[in-house]
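Visitor: This one is coords-v1.csv, CSV, C-alpha atoms.
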chain,number,residue,atom,x,y,z
A,232,MET,CA,-12.3,29.2,1.6
A,233,ALA,CA,-12.4,26.8,4.5
A,234,PRO,CA,-9.1,26.3,6.2
A,235,VAL,CA,-7.3,23.1,5.2
A,236,GLY,CA,-7.4,20.4,7.8
A,237,LEU,CA,-6.7,16.7,8.2
A,238,ALA,CA,-10.0,15.7,6.5
A,239,HIS,CA,-8.9,17.4,3.3
A,240,PHE,CA,-5.7,15.4,3.2
A,241,LEU,CA,-7.4,12.2,4.1
A,242,THR,CA,-10.0,12.8,1.3
A,243,LEU,CA,-7.2,13.4,-1.2
A,244,SER,CA,-5.6,10.2,0.0
A,245,VAL,CA,-8.9,8.2,-0.5
A,246,ILE,CA,-9.5,9.6,-4.0
A,247,LEU,CA,-5.9,8.8,-5.0
A,248,PHE,CA,-6.2,5.3,-3.6
A,249,CYS,CA,-9.5,4.7,-5.5
A,250,VAL,CA,-8.0,5.9,-8.7
A,251,GLY,CA,-5.1,3.4,-8.2
A,252,LEU,CA,-7.6,0.7,-7.3
A,253,TYR,CA,-9.5,1.4,-10.5
A,254,GLY,CA,-6.3,1.1,-12.5
A,255,VAL,CA,-5.3,-2.2,-10.9
A,256,LEU,CA,-8.8,-3.6,-11.6
A,257,THR,CA,-9.1,-2.5,-15.2
A,258,ARG,CA,-5.6,-2.4,-16.7
A,259,ARG,CA,-4.5,-5.5,-18.6
A,260,ASN,CA,-0.8,-4.5,-19.1
A,261,ALA,CA,1.3,-5.8,-16.1
A,262,VAL,CA,3.5,-2.7,-16.1
A,263,ALA,CA,0.4,-0.4,-15.9
A,264,ILE,CA,-0.9,-2.5,-13.0
A,265,LEU,CA,2.5,-1.9,-11.2
A,266,MET,CA,2.1,1.9,-11.9
A,267,SER,CA,-1.4,1.9,-10.4
A,268,LEU,CA,0.0,0.0,-7.3
A,269,GLU,CA,2.5,2.8,-6.8
A,270,LEU,CA,-0.4,5.3,-6.8
A,271,MET,CA,-2.0,3.3,-4.0
A,272,PHE,CA,1.2,3.3,-2.0
A,273,ASN,CA,1.5,7.0,-2.4
A,274,ALA,CA,-2.1,7.5,-1.3
A,275,VAL,CA,-1.5,5.6,1.9
A,276,ASN,CA,1.7,7.6,2.5
A,277,ILE,CA,-0.3,10.9,2.2
A,278,SER,CA,-2.7,9.8,4.9
A,279,LEU,CA,0.2,8.6,7.2
A,280,VAL,CA,2.0,12.0,6.9
A,281,GLY,CA,-1.3,13.8,7.3
A,282,PHE,CA,-1.9,12.0,10.6
A,283,ALA,CA,1.7,12.8,11.6
A,284,ARG,CA,1.1,16.5,11.0
A,285,PHE,CA,-2.3,16.9,12.7
A,286,MET,CA,-2.6,14.4,15.5
A,287,GLY,CA,0.0,15.8,17.9
A,288,ASN,CA,3.4,15.1,19.1
A,289,GLU,CA,3.2,11.4,20.0
A,290,VAL,CA,2.1,10.5,16.5
A,291,ALA,CA,4.4,12.9,14.7
A,292,ALA,CA,7.5,10.8,14.6
A,293,SER,CA,5.8,7.4,14.0
A,294,GLY,CA,3.7,8.7,11.1
A,295,GLN,CA,6.7,10.0,9.1
A,296,MET,CA,8.9,6.9,10.0
A,297,PHE,CA,6.1,4.6,8.9
A,298,ALA,CA,5.9,6.5,5.6
A,299,LEU,CA,9.6,6.0,5.1
A,300,PHE,CA,9.3,2.3,5.7
A,301,VAL,CA,6.5,2.2,3.2
A,302,VAL,CA,8.7,3.9,0.6
A,303,ALA,CA,11.4,1.2,1.2
A,304,VAL,CA,8.9,-1.6,0.9
A,305,ALA,CA,7.5,0.0,-2.3
A,306,GLY,CA,11.0,0.1,-3.7
A,307,ALA,CA,11.4,-3.6,-3.1
A,308,GLU,CA,8.0,-4.3,-4.6
A,309,ALA,CA,8.7,-2.4,-7.7
A,310,THR,CA,12.0,-4.2,-8.2
A,311,ILE,CA,10.5,-7.7,-7.8
A,312,GLY,CA,7.4,-6.7,-9.9
A,313,VAL,CA,9.5,-5.6,-12.8
A,314,ALA,CA,11.6,-8.7,-12.6
A,315,ILE,CA,8.4,-10.9,-12.8
A,316,VAL,CA,7.2,-8.8,-15.7
A,317,LEU,CA,10.4,-9.4,-17.6
A,318,ALA,CA,10.3,-13.1,-16.9
A,319,LEU,CA,6.7,-13.2,-18.1
A,320,TYR,CA,7.7,-11.3,-21.3
A,321,ARG,CA,10.5,-13.8,-21.9
A,322,ASN,CA,8.2,-16.7,-21.7
A,323,PHE,CA,5.0,-15.3,-23.3
A,324,ARG,CA,6.2,-12.5,-25.6
A,325,HIS,CA,3.5,-10.3,-24.1
A,326,ILE,CA,2.5,-9.1,-20.7
A,327,ASN,CA,-1.3,-9.1,-20.9
A,328,VAL,CA,-2.3,-10.4,-17.5
A,329,ASP,CA,-5.6,-11.9,-18.9
A,330,GLU,CA,-3.7,-14.4,-20.9
A,331,VAL,CA,-1.2,-15.4,-18.2
A,332,ASP,CA,-2.9,-18.3,-16.7
A,333,LEU,CA,-0.2,-20.8,-15.8
A,334,LEU,CA,-1.5,-21.3,-12.3
A,335,LYS,CA,-5.1,-21.9,-13.4
A,336,TRP,CA,-6.3,-25.4,-14.2
B,1126,MET,CA,-1.8,26.1,5.1
B,1127,ASN,CA,-2.9,28.0,2.0
B,1128,PRO,CA,-6.2,26.7,0.7
B,1129,ILE,CA,-5.5,27.8,-2.9
B,1130,LEU,CA,-2.2,26.0,-2.9
B,1131,PHE,CA,-3.7,22.9,-1.4
B,1132,TRP,CA,-6.6,22.8,-4.0
B,1133,SER,CA,-4.3,23.4,-7.0
B,1134,ILE,CA,-1.9,20.7,-5.9
B,1135,ALA,CA,-4.8,18.3,-5.1
B,1136,VAL,CA,-6.5,18.8,-8.5
B,1137,PHE,CA,-3.1,18.4,-10.2
B,1138,VAL,CA,-2.4,15.1,-8.4
B,1139,VAL,CA,-5.8,13.7,-9.1
B,1140,ILE,CA,-5.8,14.6,-12.8
B,1141,ALA,CA,-2.3,13.2,-13.2
B,1142,ALA,CA,-3.4,10.0,-11.5
B,1143,LEU,CA,-6.5,9.7,-13.7
B,1144,MET,CA,-4.2,10.0,-16.7
B,1145,VAL,CA,-2.0,7.2,-15.3
B,1146,VAL,CA,-5.0,4.8,-15.2
B,1147,ARG,CA,-6.7,5.9,-18.4
B,1148,LEU,CA,-4.1,6.8,-21.1
B,1149,PRO,CA,-4.0,4.1,-23.7
B,1150,ASN,CA,-0.3,4.5,-24.3
B,1151,ILE,CA,1.7,3.0,-21.4
B,1152,PHE,CA,4.7,5.3,-22.0
B,1153,HIS,CA,2.5,8.4,-21.6
B,1154,ALA,CA,0.9,6.8,-18.5
B,1155,GLY,CA,4.4,6.5,-17.1
B,1156,LEU,CA,5.2,10.1,-17.8
B,1157,SER,CA,2.0,11.2,-15.9
B,1158,LEU,CA,3.0,8.9,-13.1
B,1159,ILE,CA,6.2,11.0,-12.7
B,1160,ALA,CA,4.0,14.1,-12.5
B,1161,THR,CA,1.8,12.4,-9.8
B,1162,PHE,CA,4.9,11.6,-7.8
B,1163,GLY,CA,6.0,15.2,-8.0
B,1164,GLY,CA,2.6,16.4,-6.9
B,1165,VAL,CA,2.7,14.0,-3.9
B,1166,ALA,CA,6.1,15.4,-3.0
B,1167,ALA,CA,4.5,18.9,-2.9
B,1168,VAL,CA,1.8,17.5,-0.6
B,1169,TYR,CA,4.5,16.2,1.8
B,1170,ALA,CA,6.2,19.6,1.7
B,1171,MET,CA,2.9,21.2,2.6
B,1172,LEU,CA,2.6,18.9,5.6
B,1173,ASP,CA,6.0,20.0,6.9
B,1174,ALA,CA,7.5,16.6,6.1
B,1175,HIS,CA,10.4,18.1,4.1
B,1176,PHE,CA,12.7,15.1,4.5
B,1177,LEU,CA,10.0,12.9,3.1
B,1178,ALA,CA,9.4,15.2,0.2
B,1179,ALA,CA,13.1,15.0,-0.7
B,1180,VAL,CA,13.0,11.2,-0.3
B,1181,GLN,CA,9.9,11.1,-2.6
B,1182,VAL,CA,11.7,13.0,-5.3
B,1183,LEU,CA,14.9,10.9,-5.0
B,1184,ILE,CA,13.3,7.4,-4.8
B,1185,TYR,CA,10.0,7.7,-6.6
B,1186,VAL,CA,10.7,10.4,-9.3
B,1187,GLY,CA,14.3,9.3,-9.6
B,1188,ALA,CA,14.4,5.5,-9.2
B,1189,ILE,CA,11.0,3.8,-9.2
B,1190,SER,CA,9.8,5.7,-12.3
B,1191,VAL,CA,13.0,4.9,-14.1
B,1192,ILE,CA,12.6,1.1,-13.3
B,1193,LEU,CA,9.0,1.2,-14.6
B,1194,MET,CA,10.1,3.0,-17.7
B,1195,PHE,CA,12.7,0.3,-18.3
B,1196,ALA,CA,10.0,-2.3,-18.0
B,1197,VAL,CA,7.8,-0.4,-20.5
B,1198,MET,CA,10.7,-0.1,-23.0
B,1199,LEU,CA,11.8,-3.7,-22.6
B,1200,THR,CA,8.3,-5.2,-23.1
B,1201,GLN,CA,6.7,-3.2,-25.9
B,1202,HIS,CA,7.0,-0.7,-28.7
B,1203,LEU,CA,6.5,2.8,-27.6
B,1204,ALA,CA,3.6,3.6,-30.0
B,1205,GLN,CA,1.8,0.4,-29.1
B,1206,ARG,CA,-1.6,1.0,-27.5
B,1207,GLU,CA,-2.9,-1.2,-24.7
B,1208,VAL,CA,-5.6,-3.6,-25.7
B,1209,ARG,CA,-8.5,-2.2,-23.7
B,1210,GLY,CA,-10.6,-4.5,-21.5
B,1211,SER,CA,-14.3,-5.0,-22.1
B,1212,MET,CA,-16.8,-2.4,-21.1
B,1213,SER,CA,-18.2,-4.5,-18.2
B,1214,ARG,CA,-14.7,-4.7,-16.7
B,1215,HIS,CA,-14.5,-0.9,-16.7
B,1216,VAL,CA,-18.0,-0.5,-15.3
B,1217,SER,CA,-17.4,-3.0,-12.5
B,1218,GLY,CA,-13.9,-1.6,-11.7
B,1219,ALA,CA,-15.3,1.9,-11.5
B,1220,LEU,CA,-18.2,0.6,-9.4
B,1221,VAL,CA,-15.9,-1.1,-6.9
B,1222,ALA,CA,-13.4,1.8,-6.6
B,1223,GLY,CA,-16.2,4.4,-6.5
B,1224,LEU,CA,-18.2,2.6,-3.8
B,1225,PHE,CA,-15.2,2.1,-1.6
B,1226,GLY,CA,-14.2,5.7,-2.2
B,1227,LEU,CA,-17.7,7.0,-1.4
B,1228,PHE,CA,-17.8,5.1,1.9
B,1229,ALA,CA,-14.3,6.1,2.9
B,1230,VAL,CA,-15.0,9.8,2.1
B,1231,ILE,CA,-18.2,9.7,4.1
B,1232,ILE,CA,-16.4,8.1,7.1
B,1233,VAL,CA,-13.5,10.5,6.9
B,1234,ASN,CA,-15.7,13.6,6.7
B,1235,THR,CA,-18.1,12.6,9.6
B,1236,GLN,CA,-15.2,12.2,12.1
B,1237,GLN,CA,-14.1,15.0,14.4
B,1238,TRP,CA,-10.4,15.5,13.7
B,1239,PRO,CA,-8.1,17.8,15.7
B,1240,SER,CA,-7.9,21.0,13.8
B,1241,GLY,CA,-4.2,21.5,13.6
B,1242,GLY,CA,-4.1,23.2,17.0
B,1243,LEU,CA,-2.1,20.4,18.6
B,1244,PRO,CA,1.6,20.9,19.2
B,1245,PHE,CA,3.7,19.7,16.3
B,1246,LYS,CA,7.3,18.9,16.5
B,1247,TYR,CA,9.1,19.5,13.2
B,1248,LEU,CA,11.2,16.4,12.4
B,1249,GLN,CA,14.6,17.3,10.9
B,1250,ALA,CA,16.7,14.8,9.0
B,1251,GLY,CA,18.9,14.4,12.0
B,1252,ASP,CA,16.0,13.5,14.2
B,1253,ILE,CA,14.8,10.9,11.7
B,1254,GLY,CA,18.3,9.4,11.6
B,1255,LYS,CA,18.5,9.2,15.4
B,1256,LEU,CA,15.1,7.5,15.5
B,1257,PHE,CA,16.2,4.9,12.9
B,1258,LEU,CA,19.2,3.9,15.0
B,1259,ASP,CA,17.6,4.1,18.4
B,1260,LYS,CA,17.1,0.6,19.8
B,1261,ASN,CA,14.0,1.8,21.7
B,1262,ALA,CA,12.5,3.2,18.5
B,1263,PHE,CA,13.0,1.8,15.0
B,1264,LEU,CA,16.4,0.0,15.0
B,1265,VAL,CA,15.0,-3.5,14.5
B,1266,PRO,CA,12.6,-2.6,11.6
B,1267,PHE,CA,15.4,-0.6,10.1
B,1268,GLU,CA,17.6,-3.6,10.0
B,1269,MET,CA,14.8,-5.7,8.7
B,1270,VAL,CA,14.3,-3.3,5.8
B,1271,ALA,CA,18.0,-3.6,5.0
B,1272,ILE,CA,17.6,-7.4,4.8
B,1273,LEU,CA,14.4,-7.0,2.8
B,1274,LEU,CA,16.1,-4.8,0.2
B,1275,LEU,CA,19.0,-7.2,-0.1
B,1276,VAL,CA,16.6,-10.1,-0.6
B,1277,ALA,CA,14.6,-8.1,-3.1
B,1278,LEU,CA,17.8,-7.3,-5.1
B,1279,VAL,CA,19.0,-10.9,-5.2
B,1280,GLY,CA,15.5,-12.2,-5.9
B,1281,ALA,CA,15.0,-9.8,-8.8
B,1282,VAL,CA,18.2,-11.0,-10.4
B,1283,MET,CA,17.2,-14.6,-9.8
B,1284,VAL,CA,13.7,-14.1,-11.3
B,1285,ALA,CA,14.7,-12.0,-14.3
B,1286,ARG,CA,17.7,-14.0,-15.6
B,1287,LYS,CA,17.5,-16.5,-18.3
B,1288,GLU,CA,16.8,-20.2,-17.6
B,1289,GLY,CA,20.1,-22.1,-17.6
B,1290,ASP,CA,22.3,-19.1,-17.0
B,1291,ARG,CA,24.8,-20.0,-14.3
For the file at hand, write its structure as structure tokens.
Guide:
Amino acid sequence: MAPVGLAHFLTLSVILFCVGLYGVLTRRNAVAILMSLELMFNAVNISLVGFARFMGNEVAASGQMFALFVVAVAGAEATIGVAIVLALYRNFRHINVDEVDLLKW
Amino acid sequence: MNPILFWSIAVFVVIAALMVVRLPNIFHAGLSLIATFGGVAAVYAMLDAHFLAAVQVLIYVGAISVILMFAVMLTQHLAQREVRGSMSRHVSGALVAGLFGLFAVIIVNTQQWPSGGLPFKYLQAGDIGKLFLDKNAFLVPFEMVAILLLVALVGAVMVARKEGDR
């Protein structure tokens, strides 16, 4: 088998990102959309850590530090997202994003 | 890096991710999301980012999935199936994601990447801590993230509480 290089990890990252994108575009449940978003965050992190591993010393630290910042921002995003979902549920008694159209006119 | 290990982890991650986006029961999707996070932690470990692998297990497997499961359990019955979208929505979603993925895979695989022969400095947890608190490195973004997390915490409470609660 061919040795595993940066291209392998980047390809894995792209595939994971696209699976998450498909989920965001097709799911109708708001919590499921948040889950797919987390998949996309993870995909980006894989590519950052892959670059950190393979692109030499100058990049090594930045790649992993950026991935850590992405984790922190993803944590904030998940908290806010779940709070919005709960507020939606309180007002609509469902969380189907197709029928939440308060900002449309 | 062991190719067999990489391929088994990659197949595991992709299958678990596909289950996240396809399973009709949201609770089951959340469970496979946890499996995906675990697989991604294994990918980090394979890339010699051991601190990040530990952070992934702590924050994603431990915290974010629990928050999402809370949201699932507070908003619907566990056996309830999601109302699926129309066929055209699935076709167009798959088309958009598939085309983007196709182009990105082509671009990634036609580049010449360094083949792992470059020197690589293993980052220990102590090195990461020093970088976070070094004013020539990541001190300012580190403090900004602290503020961001505080604001997110207060904002989540503000958004989720009942109207009229004081």
Visitor: Using all atoms listed in the file, which residues of chain A come within 7 Å of chain B, and what is the closest atom pair for each, with the distance in Å to one decimal? Give it as JSON lines, sorted by chain and residue number.
Guide:
{"residue": "A:Met232", "atom": "CA", "partner": "B:Pro1128", "partner_atom": "CA", "distance": 6.7}
{"residue": "A:Pro234", "atom": "CA", "partner": "B:Pro1128", "partner_atom": "CA", "distance": 6.2}
{"residue": "A:Val235", "atom": "CA", "partner": "B:Pro1128", "partner_atom": "CA", "distance": 5.9}
{"residue": "A:Gly236", "atom": "CA", "partner": "B:Ser1240", "partner_atom": "CA", "distance": 6.1}
{"residue": "A:Leu237", "atom": "CA", "partner": "B:Trp1238", "partner_atom": "CA", "distance": 6.7}
{"residue": "A:Ala238", "atom": "CA", "partner": "B:Asn1234", "partner_atom": "CA", "distance": 6.1}
{"residue": "A:Leu241", "atom": "CA", "partner": "B:Val1233", "partner_atom": "CA", "distance": 6.9}
{"residue": "A:Thr242", "atom": "CA", "partner": "B:Val1230", "partner_atom": "CA", "distance": 5.9}
{"residue": "A:Leu243", "atom": "CA", "partner": "B:Ala1135", "partner_atom": "CA", "distance": 6.7}
{"residue": "A:Val245", "atom": "CA", "partner": "B:Gly1226", "partner_atom": "CA", "distance": 6.1}
{"residue": "A:Ile246", "atom": "CA", "partner": "B:Gly1226", "partner_atom": "CA", "distance": 6.4}
{"residue": "A:Leu247", "atom": "CA", "partner": "B:Val1139", "partner_atom": "CA", "distance": 6.4}
{"residue": "A:Cys249", "atom": "CA", "partner": "B:Ala1222", "partner_atom": "CA", "distance": 5.0}
{"residue": "A:Val250", "atom": "CA", "partner": "B:Leu1143", "partner_atom": "CA", "distance": 6.5}
{"residue": "A:Leu252", "atom": "CA", "partner": "B:Ala1222", "partner_atom": "CA", "distance": 5.9}
{"residue": "A:Tyr253", "atom": "CA", "partner": "B:Gly1218", "partner_atom": "CA", "distance": 5.5}
{"residue": "A:Gly254", "atom": "CA", "partner": "B:Val1146", "partner_atom": "CA", "distance": 4.8}
{"residue": "A:Leu256", "atom": "CA", "partner": "B:Gly1218", "partner_atom": "CA", "distance": 5.5}
{"residue": "A:Thr257", "atom": "CA", "partner": "B:His1215", "partner_atom": "CA", "distance": 5.8}
{"residue": "A:Arg259", "atom": "CA", "partner": "B:Gly1210", "partner_atom": "CA", "distance": 6.8}
{"residue": "A:Asn260", "atom": "CA", "partner": "B:Glu1207", "partner_atom": "CA", "distance": 6.8}
{"residue": "A:Val262", "atom": "CA", "partner": "B:Val1197", "partner_atom": "CA", "distance": 6.6}
{"residue": "A:Ala263", "atom": "CA", "partner": "B:Ile1151", "partner_atom": "CA", "distance": 6.6}
{"residue": "A:Ser267", "atom": "CA", "partner": "B:Val1146", "partner_atom": "CA", "distance": 6.7}
{"residue": "A:Gly281", "atom": "CA", "partner": "B:Leu1172", "partner_atom": "CA", "distance": 6.6}
{"residue": "A:Arg284", "atom": "CA", "partner": "B:Leu1172", "partner_atom": "CA", "distance": 6.1}
{"residue": "A:Phe285", "atom": "CA", "partner": "B:Gly1241", "partner_atom": "CA", "distance": 5.1}
{"residue": "A:Met286", "atom": "CA", "partner": "B:Pro1239", "partner_atom": "CA", "distance": 6.5}
{"residue": "A:Gly287", "atom": "CA", "partner": "B:Leu1243", "partner_atom": "CA", "distance": 5.1}
{"residue": "A:Asn288", "atom": "CA", "partner": "B:Phe1245", "partner_atom": "CA", "distance": 5.4}
{"residue": "A:Ala291", "atom": "CA", "partner": "B:Lys1246", "partner_atom": "CA", "distance": 6.9}
{"residue": "A:Gly306", "atom": "CA", "partner": "B:Ile1189", "partner_atom": "CA", "distance": 6.6}
{"residue": "A:Ala307", "atom": "CA", "partner": "B:Ala1277", "partner_atom": "CA", "distance": 5.5}
{"residue": "A:Ala309", "atom": "CA", "partner": "B:Ile1189", "partner_atom": "CA", "distance": 6.8}
{"residue": "A:Thr310", "atom": "CA", "partner": "B:Ala1281", "partner_atom": "CA", "distance": 6.4}
{"residue": "A:Ile311", "atom": "CA", "partner": "B:Ala1281", "partner_atom": "CA", "distance": 5.1}
{"residue": "A:Val313", "atom": "CA", "partner": "B:Ala1196", "partner_atom": "CA", "distance": 6.2}
{"residue": "A:Ala314", "atom": "CA", "partner": "B:Ala1285", "partner_atom": "CA", "distance": 4.8}
{"residue": "A:Ile315", "atom": "CA", "partner": "B:Val1284", "partner_atom": "CA", "distance": 6.4}
{"residue": "A:Leu317", "atom": "CA", "partner": "B:Ala1285", "partner_atom": "CA", "distance": 6.0}
{"residue": "A:Ala318", "atom": "CA", "partner": "B:Ala1285", "partner_atom": "CA", "distance": 5.2}
{"residue": "A:Tyr320", "atom": "CA", "partner": "B:Thr1200", "partner_atom": "CA", "distance": 6.4}
Visitor: Enter the distance from atom CA of A:Phe240 to atom CA of A:Met296, in Å, rounded to one decimal.
Guide: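 Distance between the two atoms: 18.2 Å.
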Visitor: For atom CA of B:Ala1179 and atom CA of A:Phe282, determine how far apart the two atoms are, in Å to one decimal place.
Guide: 19.0 Å
Visitor: Atom CA of B:Gly1251 to atom CA of A:Val275: how many Å, to one decimal?
Guide: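 Computing it gives 24.4 Å between the two atoms.
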Visitor: With all atoms listed in the file as the atoms that count, which of A:Ala261, A:His239, A:Met266, A:Phe272 lies nearest to A:Ala305?
Guide: A:Phe272
Visitor: Generate N, CA, C and O atoms for stretch 1138-1158 of chain B and emit them as a CSV table (one decimal), keeping the file's coordinate frame.
Guide:
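The resulting file, rebuild-v5.csv, is reproduced below:
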chain,number,residue,atom,x,y,z
B,1138,VAL,N,-2.7,16.5,-8.7
B,1138,VAL,CA,-2.4,15.1,-8.4
B,1138,VAL,C,-3.5,14.2,-8.9
B,1138,VAL,O,-3.2,13.2,-9.6
B,1139,VAL,N,-4.8,14.6,-8.7
B,1139,VAL,CA,-5.8,13.7,-9.1
B,1139,VAL,C,-5.9,13.5,-10.6
B,1139,VAL,O,-6.1,12.4,-11.2
B,1140,ILE,N,-5.8,14.7,-11.3
B,1140,ILE,CA,-5.8,14.6,-12.8
B,1140,ILE,C,-4.7,13.8,-13.3
B,1140,ILE,O,-4.9,12.9,-14.2
B,1141,ALA,N,-3.5,14.0,-12.8
B,1141,ALA,CA,-2.3,13.2,-13.2
B,1141,ALA,C,-2.5,11.7,-13.0
B,1141,ALA,O,-2.2,10.8,-13.8
B,1142,ALA,N,-3.1,11.4,-11.8
B,1142,ALA,CA,-3.4,10.0,-11.5
B,1142,ALA,C,-4.4,9.4,-12.4
B,1142,ALA,O,-4.3,8.2,-12.9
B,1143,LEU,N,-5.5,10.2,-12.7
B,1143,LEU,CA,-6.5,9.7,-13.7
B,1143,LEU,C,-5.8,9.4,-15.0
B,1143,LEU,O,-6.2,8.4,-15.7
B,1144,MET,N,-4.9,10.3,-15.4
B,1144,MET,CA,-4.2,10.0,-16.7
B,1144,MET,C,-3.4,8.7,-16.6
B,1144,MET,O,-3.3,8.0,-17.6
B,1145,VAL,N,-2.8,8.4,-15.4
B,1145,VAL,CA,-2.0,7.2,-15.3
B,1145,VAL,C,-2.9,6.0,-15.6
B,1145,VAL,O,-2.5,5.1,-16.3
B,1146,VAL,N,-4.1,6.0,-15.0
B,1146,VAL,CA,-5.0,4.8,-15.2
B,1146,VAL,C,-5.8,4.8,-16.5
B,1146,VAL,O,-6.3,3.7,-16.9
B,1147,ARG,N,-5.9,5.9,-17.2
B,1147,ARG,CA,-6.7,5.9,-18.4
B,1147,ARG,C,-6.0,6.0,-19.7
B,1147,ARG,O,-6.5,5.6,-20.7
B,1148,LEU,N,-4.8,6.6,-19.8
B,1148,LEU,CA,-4.1,6.8,-21.1
B,1148,LEU,C,-3.9,5.5,-21.7
B,1148,LEU,O,-3.4,4.5,-21.1
B,1149,PRO,N,-4.2,5.3,-23.0
B,1149,PRO,CA,-4.0,4.1,-23.7
B,1149,PRO,C,-2.5,3.7,-23.9
B,1149,PRO,O,-2.2,2.5,-24.0
B,1150,ASN,N,-1.7,4.7,-24.1
B,1150,ASN,CA,-0.3,4.5,-24.3
B,1150,ASN,C,0.5,4.4,-23.0
B,1150,ASN,O,0.5,5.3,-22.2
B,1151,ILE,N,1.1,3.2,-22.7
B,1151,ILE,CA,1.7,3.0,-21.4
B,1151,ILE,C,2.8,4.0,-21.1
B,1151,ILE,O,3.1,4.4,-20.0
B,1152,PHE,N,3.6,4.3,-22.2
B,1152,PHE,CA,4.7,5.3,-22.0
B,1152,PHE,C,4.2,6.6,-21.5
B,1152,PHE,O,4.7,7.2,-20.5
B,1153,HIS,N,3.0,7.1,-22.1
B,1153,HIS,CA,2.5,8.4,-21.6
B,1153,HIS,C,2.0,8.2,-20.2
B,1153,HIS,O,2.1,9.1,-19.3
B,1154,ALA,N,1.4,7.1,-19.9
B,1154,ALA,CA,0.9,6.8,-18.5
B,1154,ALA,C,2.1,6.9,-17.5
B,1154,ALA,O,2.0,7.5,-16.4
B,1155,GLY,N,3.3,6.4,-17.9
B,1155,GLY,CA,4.4,6.5,-17.1
B,1155,GLY,C,4.9,7.9,-16.8
B,1155,GLY,O,5.3,8.3,-15.7
B,1156,LEU,N,4.8,8.7,-17.9
B,1156,LEU,CA,5.2,10.1,-17.8
B,1156,LEU,C,4.2,10.8,-16.8
B,1156,LEU,O,4.7,11.6,-15.9
B,1157,SER,N,2.9,10.6,-16.9
B,1157,SER,CA,2.0,11.2,-15.9
B,1157,SER,C,2.2,10.7,-14.5
B,1157,SER,O,1.9,11.4,-13.5
B,1158,LEU,N,2.7,9.4,-14.4
B,1158,LEU,CA,3.0,8.9,-13.1
B,1158,LEU,C,4.1,9.7,-12.4
B,1158,LEU,O,4.0,10.0,-11.2
